[in-house]
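Have a look at query_20.txt below; it lists compact mmCIF, C-alpha atoms.
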# COMPACT_ATOMS: atom_id res chain seq x y z
CA MET V 19 0.00 0.00 0.00
CA ALA V 20 1.49 3.37 -1.01
CA LYS V 21 2.24 5.78 1.77
CA ARG V 22 0.18 8.94 1.62
CA GLY V 23 1.99 12.26 1.43
CA PHE V 24 1.63 15.16 3.82
CA PHE V 25 -1.01 16.96 1.76
CA ASP V 26 -3.01 13.75 1.31
CA ARG V 27 -3.26 13.44 5.08
CA LEU V 28 -4.79 16.90 5.47
CA PRO V 29 -8.51 16.57 6.38
CA VAL V 30 -9.96 18.64 3.56
CA VAL V 31 -7.59 17.26 0.91
CA HIS V 32 -8.32 13.70 1.97
CA GLN V 33 -12.07 14.28 1.91
CA LEU V 34 -11.80 16.00 -1.47
CA ARG V 35 -10.06 12.97 -2.94
CA GLN V 36 -12.64 10.71 -1.34
CA SER V 37 -15.67 12.61 -2.62
CA VAL V 38 -17.40 12.00 -5.94
CA GLY V 39 -20.32 13.40 -7.89
CA LEU V 40 -22.58 15.87 -6.11
CA GLN V 41 -20.61 15.63 -2.88
CA ARG V 42 -17.43 16.73 -4.62
CA GLY V 43 -19.29 19.56 -6.36
CA MET V 44 -20.68 20.80 -3.03
CA LEU V 45 -17.28 20.57 -1.35
CA VAL V 46 -15.47 22.34 -4.19
CA ALA V 47 -18.11 25.08 -4.33
CA GLY V 48 -17.84 25.59 -0.57
CA LEU V 49 -14.04 25.71 -0.70
CA VAL V 50 -14.10 28.27 -3.51
CA LEU V 51 -16.56 30.54 -1.71
CA ALA V 52 -14.68 30.22 1.58
CA LEU V 53 -11.35 30.91 -0.15
CA VAL V 54 -12.76 34.03 -1.82
CA PHE V 55 -14.04 35.26 1.55
CA LEU V 56 -10.66 34.59 3.17
CA LEU V 57 -8.69 36.33 0.41
CA VAL V 58 -10.99 39.35 0.37
CA ALA V 59 -10.70 39.66 4.16
CA LEU V 60 -6.91 39.37 4.18
CA LEU V 61 -6.38 41.64 1.16
CA ALA V 62 -9.01 44.23 2.08
CA PRO V 63 -6.50 47.12 2.44
CA TRP V 64 -5.37 46.55 -1.15
CA LEU V 65 -8.69 45.53 -2.74
CA ALA V 66 -10.92 48.27 -1.30
CA PRO V 67 -10.77 51.52 -3.30
CA TYR V 68 -11.46 53.56 -0.16
CA SER V 69 -11.34 53.17 3.59
CA TYR V 70 -14.44 51.86 5.37
CA ASN V 71 -15.07 55.26 7.01
CA GLN V 72 -13.94 57.52 4.17
CA LEU V 73 -16.45 60.18 3.12
CA ARG V 74 -14.32 62.42 0.96
CA GLY V 75 -12.22 61.98 -2.16
CA PRO V 76 -10.00 64.30 -4.23
CA ASP V 77 -13.11 65.94 -5.69
CA GLY V 78 -14.88 66.49 -2.38
CA LEU V 79 -17.57 64.55 -0.52
CA PHE V 80 -18.80 61.31 -2.09
CA GLY V 81 -22.45 62.21 -1.62
CA SER V 82 -25.31 60.21 -0.18
CA GLN V 83 -27.02 57.36 -2.07
CA GLN V 84 -25.10 57.98 -5.28
CA PRO V 85 -25.82 55.36 -7.99
CA PRO V 86 -23.05 53.07 -9.31
CA SER V 87 -20.45 54.96 -11.31
CA PRO V 88 -16.80 54.62 -12.38
CA GLU V 89 -15.76 56.33 -9.14
CA HIS V 90 -18.06 54.17 -6.99
CA LEU V 91 -18.69 50.84 -8.70
CA LEU V 92 -21.50 49.91 -6.28
CA GLY V 93 -22.64 53.41 -5.39
CA THR V 94 -22.66 55.03 -1.96
CA THR V 95 -24.70 54.46 1.18
CA VAL V 96 -27.13 56.79 2.90
CA GLY V 97 -24.27 57.87 5.12
CA GLY V 98 -22.07 58.71 2.13
CA TYR V 99 -19.73 55.70 2.34
CA ASP V 100 -18.54 53.72 -0.68
CA VAL V 101 -20.60 50.49 -0.79
CA LEU V 102 -17.90 48.35 -2.40
CA SER V 103 -15.30 49.42 0.16
CA ARG V 104 -17.65 48.80 3.08
CA THR V 105 -18.49 45.34 1.73
CA ILE V 106 -14.82 44.40 1.32
CA TRP V 107 -13.81 45.72 4.73
CA GLY V 108 -16.81 43.92 6.25
CA ALA V 109 -15.23 40.61 5.27
CA GLN V 110 -12.20 41.45 7.40
CA THR V 111 -14.38 42.30 10.40
CA ALA V 112 -16.31 39.05 10.00
CA LEU V 113 -13.08 37.05 9.77
CA PHE V 114 -11.70 38.64 12.94
CA VAL V 115 -14.86 37.89 14.91
CA VAL V 116 -15.15 34.31 13.61
CA VAL V 117 -11.52 33.46 14.38
CA VAL V 118 -11.63 34.90 17.89
CA ALA V 119 -15.02 33.34 18.68
CA ILE V 120 -14.06 29.90 17.39
CA LEU V 121 -10.71 29.90 19.19
CA LEU V 122 -12.28 30.95 22.49
CA SER V 123 -15.21 28.54 22.30
CA VAL V 124 -13.05 25.60 21.18
CA PHE V 125 -10.48 26.13 23.92
CA ILE V 126 -12.98 26.66 26.74
CA GLY V 127 -15.48 24.08 25.49
CA ILE V 128 -12.87 21.34 24.99
CA LEU V 129 -11.28 21.99 28.37
CA LEU V 130 -14.61 21.91 30.22
CA GLY V 131 -15.80 18.87 28.27
CA LEU V 132 -12.57 16.99 29.00
CA ILE V 133 -12.74 17.74 32.72
CA SER V 134 -16.46 16.99 32.89
CA GLY V 135 -16.23 13.65 31.08
CA TYR V 136 -13.06 12.39 32.74
CA VAL V 137 -13.63 13.51 36.33
CA GLY V 138 -17.36 12.81 36.42
CA GLY V 139 -19.27 13.01 39.70
CA TRP V 140 -20.89 16.19 40.94
CA LEU V 141 -18.66 18.39 38.79
CA ASP V 142 -19.88 16.65 35.67
CA ARG V 143 -23.51 17.09 36.66
CA VAL V 144 -23.03 20.80 37.46
CA LEU V 145 -21.28 21.54 34.15
CA VAL V 146 -23.88 19.61 32.14
CA VAL V 147 -26.75 21.42 33.87
CA ILE V 148 -25.13 24.82 33.20
CA ALA V 149 -24.48 23.88 29.57
CA ASP V 150 -28.08 22.75 29.12
CA ALA V 151 -29.38 25.93 30.74
CA ILE V 152 -27.29 28.08 28.37
CA TYR V 153 -28.23 25.94 25.38
CA SER V 154 -31.93 26.30 26.16
CA PHE V 155 -31.82 30.06 25.56
CA PRO V 156 -32.32 31.35 22.00
CA SER V 157 -28.81 31.87 20.67
CA LEU V 158 -29.45 35.36 19.29
CA LEU V 159 -31.07 36.56 22.51
CA LEU V 160 -28.16 35.19 24.50
CA ALA V 161 -25.68 36.92 22.18
CA ILE V 162 -27.53 40.24 22.58
CA VAL V 163 -27.45 39.95 26.37
CA ALA V 164 -23.75 39.08 26.29
CA ALA V 165 -22.97 41.97 23.92
CA ILE V 166 -24.78 44.46 26.18
CA ALA V 167 -23.06 43.07 29.27
CA VAL V 168 -19.59 43.21 27.69
CA SER V 169 -19.61 46.54 25.88
CA GLY V 170 -22.98 48.18 26.40
CA GLY V 171 -24.10 47.25 22.88
CA GLN V 172 -21.58 49.10 20.69
CA SER V 173 -17.86 49.86 20.83
CA GLY V 174 -14.72 50.35 18.75
CA LEU V 175 -12.96 47.81 16.56
CA VAL V 176 -10.94 45.82 19.09
CA PRO V 177 -13.47 46.02 21.96
CA GLY V 178 -16.27 45.48 19.45
CA VAL V 179 -14.63 42.40 17.95
CA LEU V 180 -13.97 41.00 21.42
CA SER V 181 -17.48 41.71 22.68
CA ALA V 182 -19.09 40.18 19.59
CA ALA V 183 -16.73 37.21 19.77
CA ILE V 184 -17.44 36.68 23.46
CA ALA V 185 -21.18 36.92 22.82
CA ILE V 186 -20.89 34.23 20.15
CA THR V 187 -18.52 32.17 22.31
CA VAL V 188 -21.09 31.93 25.09
CA VAL V 189 -23.49 30.36 22.60
CA PHE V 190 -20.96 27.85 21.23
CA ILE V 191 -19.28 26.59 24.42
CA PRO V 192 -22.12 24.19 25.41
CA GLN V 193 -21.91 22.50 21.99
CA TYR V 194 -18.21 21.70 22.31
CA LEU V 195 -18.62 20.73 25.96
CA ARG V 196 -21.34 18.17 25.23
CA VAL V 197 -19.60 16.69 22.17
CA VAL V 198 -16.19 16.36 23.85
CA ARG V 199 -17.72 15.07 27.09
CA ALA V 200 -19.57 12.29 25.28
CA GLU V 201 -16.37 11.22 23.49
CA VAL V 202 -14.30 11.38 26.68
CA VAL V 203 -16.80 9.18 28.55
CA ARG V 204 -16.46 6.61 25.78
CA VAL V 205 -12.68 6.81 25.38
CA LYS V 206 -11.72 6.76 29.07
CA SER V 207 -12.98 3.18 29.38
CA GLU V 208 -10.77 1.91 26.55
CA ALA V 209 -7.96 -0.56 27.22
CA PHE V 210 -5.15 1.84 26.32
CA VAL V 211 -6.33 4.29 28.98
CA GLU V 212 -6.35 1.53 31.60
CA SER V 213 -2.86 0.52 30.49
CA ALA V 214 -1.64 4.09 30.95
CA LYS V 215 -3.00 4.07 34.49
CA VAL V 216 -1.30 0.76 35.24
CA ILE V 217 2.14 2.00 34.17
CA GLY V 218 1.77 5.01 36.45
CA ALA V 219 0.98 7.85 34.01
CA SER V 220 -0.31 10.98 35.72
CA THR V 221 -3.94 12.02 35.44
CA TRP V 222 -3.14 15.13 33.40
CA ARG V 223 -0.96 13.14 31.01
CA ILE V 224 -3.71 10.58 30.47
CA MET V 225 -6.31 13.29 29.95
CA PHE V 226 -4.39 15.38 27.44
CA ARG V 227 -2.17 12.82 25.72
CA HIS V 228 -4.38 9.75 25.53
CA VAL V 229 -8.01 10.80 26.02
CA LEU V 230 -8.15 14.23 24.41
CA ARG V 231 -6.39 13.31 21.18
CA ASN V 232 -8.95 10.51 20.64
CA SER V 233 -11.99 12.62 21.53
CA THR V 234 -11.85 15.43 18.97
CA ARG V 235 -12.50 13.65 15.68
CA SER V 236 -15.85 15.32 15.05
CA LEU V 237 -14.75 18.84 16.04
CA PRO V 238 -13.66 20.00 12.54
CA LEU V 239 -17.22 19.41 11.34
CA ILE V 240 -18.68 21.43 14.22
CA VAL V 241 -16.14 24.22 13.73
CA THR V 242 -17.13 24.77 10.09
CA LEU V 243 -20.83 24.83 10.89
CA ASN V 244 -20.28 27.13 13.87
CA ALA V 245 -18.20 29.50 11.72
CA SER V 246 -21.18 30.07 9.44
CA GLU V 247 -23.45 30.49 12.44
CA ALA V 248 -21.00 33.02 13.91
CA ILE V 249 -21.19 35.15 10.77
CA ALA V 250 -24.99 35.04 10.88
CA THR V 251 -25.01 35.97 14.58
CA LEU V 252 -22.59 38.85 14.00
CA ALA V 253 -24.76 40.15 11.15
CA ALA V 254 -27.86 39.86 13.34
CA LEU V 255 -26.18 41.79 16.16
CA GLY V 256 -25.21 44.55 13.75
CA PHE V 257 -28.66 44.58 12.16
CA LEU V 258 -30.29 45.02 15.57
CA GLY V 259 -27.86 47.77 16.56
CA PHE V 260 -25.73 45.80 19.05
CA GLY V 261 -22.63 45.42 16.91
CA ILE V 262 -19.53 47.44 16.16
CA GLU V 263 -19.79 51.20 15.65
CA PRO V 264 -19.85 52.08 11.94
CA THR V 265 -16.98 54.54 12.28
CA ALA V 266 -14.79 51.88 13.93
CA ALA V 267 -15.20 49.11 11.35
CA ALA V 268 -17.39 48.00 8.46
CA GLU V 269 -19.99 45.40 9.36
CA TRP V 270 -22.42 43.76 6.96
CA GLY V 271 -25.36 43.59 9.38
CA TYR V 272 -25.21 47.29 10.18
CA ASP V 273 -24.97 48.24 6.50
CA LEU V 274 -27.95 46.03 5.75
CA LYS V 275 -29.98 47.74 8.48
CA GLU V 276 -29.13 51.18 7.13
CA SER V 277 -30.30 50.16 3.64
CA ILE V 278 -33.84 49.14 4.65
CA GLY V 279 -35.28 52.54 3.84
CA ASP V 280 -33.39 52.63 0.53
CA VAL V 281 -35.07 49.49 -0.80
CA SER V 282 -38.56 51.00 -0.60
CA ALA V 283 -37.24 54.03 -2.50
CA GLY V 284 -35.87 51.90 -5.33
CA ILE V 285 -32.22 52.25 -4.26
CA TRP V 286 -31.04 48.66 -4.59
CA TRP V 287 -27.28 49.07 -4.56
CA THR V 288 -26.95 49.72 -0.83
CA ALA V 289 -28.67 46.48 0.26
CA ILE V 290 -27.65 43.84 -2.30
CA PRO V 291 -23.83 43.85 -1.79
CA PRO V 292 -23.76 43.30 2.02
CA GLY V 293 -26.70 40.90 1.83
CA THR V 294 -25.07 38.90 -0.96
CA ALA V 295 -21.78 38.81 0.97
CA ILE V 296 -23.54 37.37 4.03
CA VAL V 297 -25.40 34.74 2.00
CA LEU V 298 -22.42 33.59 -0.07
CA THR V 299 -20.06 33.42 2.91
CA ILE V 300 -22.48 31.42 5.03
CA LEU V 301 -23.33 29.21 2.06
CA GLY V 302 -19.66 28.44 1.35
CA ILE V 303 -18.79 27.52 4.93
CA THR V 304 -22.01 25.53 5.34
CA LEU V 305 -21.32 23.53 2.16
CA ILE V 306 -17.89 22.59 3.52
CA GLY V 307 -19.32 21.52 6.85
CA GLU V 308 -22.17 19.51 5.37
CA SER V 309 -19.88 17.82 2.83
CA LEU V 310 -17.34 16.85 5.49
CA ASN V 311 -20.17 15.56 7.67
CA ASP V 312 -21.51 13.38 4.85
CA LEU V 313 -18.08 12.02 3.97
CA ALA V 314 -17.24 11.28 7.60
CA ASP V 315 -20.26 8.98 7.90
CA PRO V 316 -20.30 6.06 5.43
CA ARG V 317 -24.08 5.79 5.84
CA LEU V 318 -24.51 9.26 4.36
CA ARG V 319 -22.33 8.72 1.30
CA ALA V 320 -24.56 8.68 -1.73
CA ARG V 321 -21.90 7.25 -4.02
CA ARG V 322 -18.52 5.56 -3.72
CA ARG V 323 -15.42 5.62 -5.82
CA ALA V 324 -14.87 2.96 -8.42
CA ALA V 325 -13.04 -0.18 -7.24
CA LYS V 326 -9.28 0.19 -7.23
CA THR V 327 -8.10 -3.38 -6.66
CA PRO V 328 -9.02 -6.63 -8.50
CA ALA V 329 -10.67 -7.89 -5.31
CA ASP V 330 -12.81 -4.75 -5.13
CA ALA V 331 -13.73 -5.12 -8.79
CA VAL V 332 -14.83 -8.74 -8.27
CA ALA V 333 -16.82 -7.79 -5.18
CA ALA V 334 -18.49 -4.92 -7.01
CA SER V 335 -19.53 -7.20 -9.86
CA GLN V 336 -21.28 -9.73 -7.60
CA PRO V 337 -25.05 -9.48 -7.05
CA VAL V 338 -26.15 -7.83 -3.81
CA ALA V 339 -28.30 -10.05 -1.65
CA ARG V 340 -31.49 -8.53 -0.30
CA GLU V 341 -31.92 -10.73 2.73
CA PHE V 342 -34.87 -8.81 4.02
CA MET V 343 -36.76 -9.41 0.74
CA GLY V 344 -35.53 -12.91 0.01
CA GLU V 345 -34.32 -11.98 -3.48
CA VAL V 346 -31.14 -11.13 -5.38
CA GLU V 347 -30.52 -8.06 -7.56
Give the structure from the file, written as C-alpha cells.
Amino acid sequence: MAKRGFFDRLPVVHQLRQSVGLQRGMLVAGLVLALVFLLVALLAPWLAPYSYNQLRGPDGLFGSQQPPSPEHLLGTTVGGYDVLSRTIWGAQTALFVVVVAILLSVFIGILLGLISGYVGGWLDRVLVVIADAIYSFPSLLLAIVAAIAVSGGQSGLVPGVLSAAIAITVVFIPQYLRVVRAEVVRVKSEAFVESAKVIGASTWRIMFRHVLRNSTRSLPLIVTLNASEAIATLAALGFLGFGIEPTAAAEWGYDLKESIGDVSAGIWWTAIPPGTAIVLTILGITLIGESLNDLADPRLRARRRAAKTPADAVAASQPVAREFMGEVE
C-alpha cells in the first residue's frame, strides 16, 4: 500500500479525494466561496478603493445614495460611504470575529468537556446542567445579552470584535462541551487508557495525551458549521444595533440595516452587496461543513469511488443479496 503524502493526510484534501459526484461539487463550491471570503478579508486594504469610514475623495464629498459609477462601482450608502469598500472591509471584520469566537469557544469548550467527562461526579452534573441551561436560551437573545453586558451594545474595533466574539462564544461553548464530554466518557474506558493508568501515568498526562487526542475527531465538522453560524449571529447583532460602531469598522449587518429605507425608495445598490456577501459566505462555509459531515459517515455517502483493486472489482460485480426481501438483484 502506497504511503500517503503530507497533503493527502490533510482533512480537507483527503475528503476531497474521497468525494465524488454531487458531494465533490458541493465541497469544491464551498471551498471556492470560503477561499474568496478569506482572500478578500486578508487583502481588504489593497482591494478596497477607499477606507471603510472615508467620506471624501480628491473631488470632495462622495455624496449620499449615489448610484453606481466609475468612481463608486457599487454606489454610496445613505451615510455617504462607498458600498464596495464597506463590503470588502466587512469581510475582514467578519473574519476577525469568527476566528476569535471559534478559538475561544473551542479552547474553553474542549477543556470543560474533557474535565467533565473524565472527572465525572458532581462536577460533571453541574457543568452539564449549566451547559443545558445556556443551550436552552435562544442563541441570538443570549448573544444580545452578552454583547450588552460586555460593551454596552456598541464599541470600537478591538473592543467590538472582542465583545461580539465573546457573545458568540457563550453560545458555542455548550456544543463543544457536550460533544467532547460524550467522546471522553467513551474513550476513558478503553484498554489503552487503563494501560496508561497501570504503568503510572499521571492524570493530566492521560487526559491530554491519551483521552483528548482521541476525543476530537468530530470537532472539525462542528467548527465549520459554527463558523457560518458566527457570521450570521454577527450580522444579526449589527442589524439590531448591538454590533460594532460604523466609524470603527465595516460590518455587513449594520450596513444592511441602514439600507432598509433605501429598498422602498428603489435604491437597490446599498442592500444587495452586504446581503449577498452574508449569503455567499455562510453558504460556502455551510457547504464545507455539510460535505465533510456526509463524507465522515459512510451511511450518508450517496456514491462511492470505483473499485481500485481486483478484489474490489470482483466484489463490485457480484449481485447484492437482499436478505430482508428474500431476493437477489
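Among the candidate residues V:Ile126, V:Leu230, V:Leu158, V:Ala248, the one lying nearest to Val202 in chain V is V:Leu230, with distances computed using all atoms listed in the file.
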Using only C-alpha atoms, which of the listed residues (V:Leu132, V:Ala267, V:Ile191, V:Leu53) sits closest to Arg227 in chain V?
-> V:Leu132
Neighbour list for Gly48 in chain V as a ChimeraX atom specification, cut-off 9 Å, all atoms listed in the file, skip fewer than 5 positions in-chain = /V:43,53,299,301-307,309
Which neighbours of Arg235 in chain V fall inside 10 Å, counting only C-alpha atoms, when residues of the same chain fewer than 4 positions from it are skipped, and could you give them as a PyMOL selection string?
-> chain V and resi 198+201+230-231+239+314
Tell me, as number ranges by chain, which residues lie within 12 Å of Pro238 in chain V, counting only C-alpha atoms; anything in the same chain fewer than 2 positions away does not count.
-> V: 28-30, 120, 124, 194, 197, 233-236, 240-245, 303, 306-311, 314
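Taking only C-alpha atoms, the non-local environment of Tyr272 in chain V within 10 Å (same-chain residues fewer than 4 positions away omitted) comprises Gly108, Leu252, Ala253, Ala254, Leu255, Gly256, Phe257, Leu258, Gly259, Phe260, Gly261, Ile262, Glu263, Pro264, Ala268, Glu276, Ser277 and Pro292 of chain V.
Going from CA of Asp100 in chain V to CA of Ile162 in chain V covers 28.3 Å.
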Nearest to Val297 in chain V by atom-to-atom distance, counting all atoms listed in the file, from V:Leu79, V:Val101, V:Ala52, V:Ile152 | V:Ala52
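In this model, the gap between CA of Pro88 in chain V and CA of Lys275 in chain V comes to 25.6 Å.
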Do you have the CA of Leu102 in chain V-CA of Tyr68 in chain V distance handy?
-> 8.6 Å
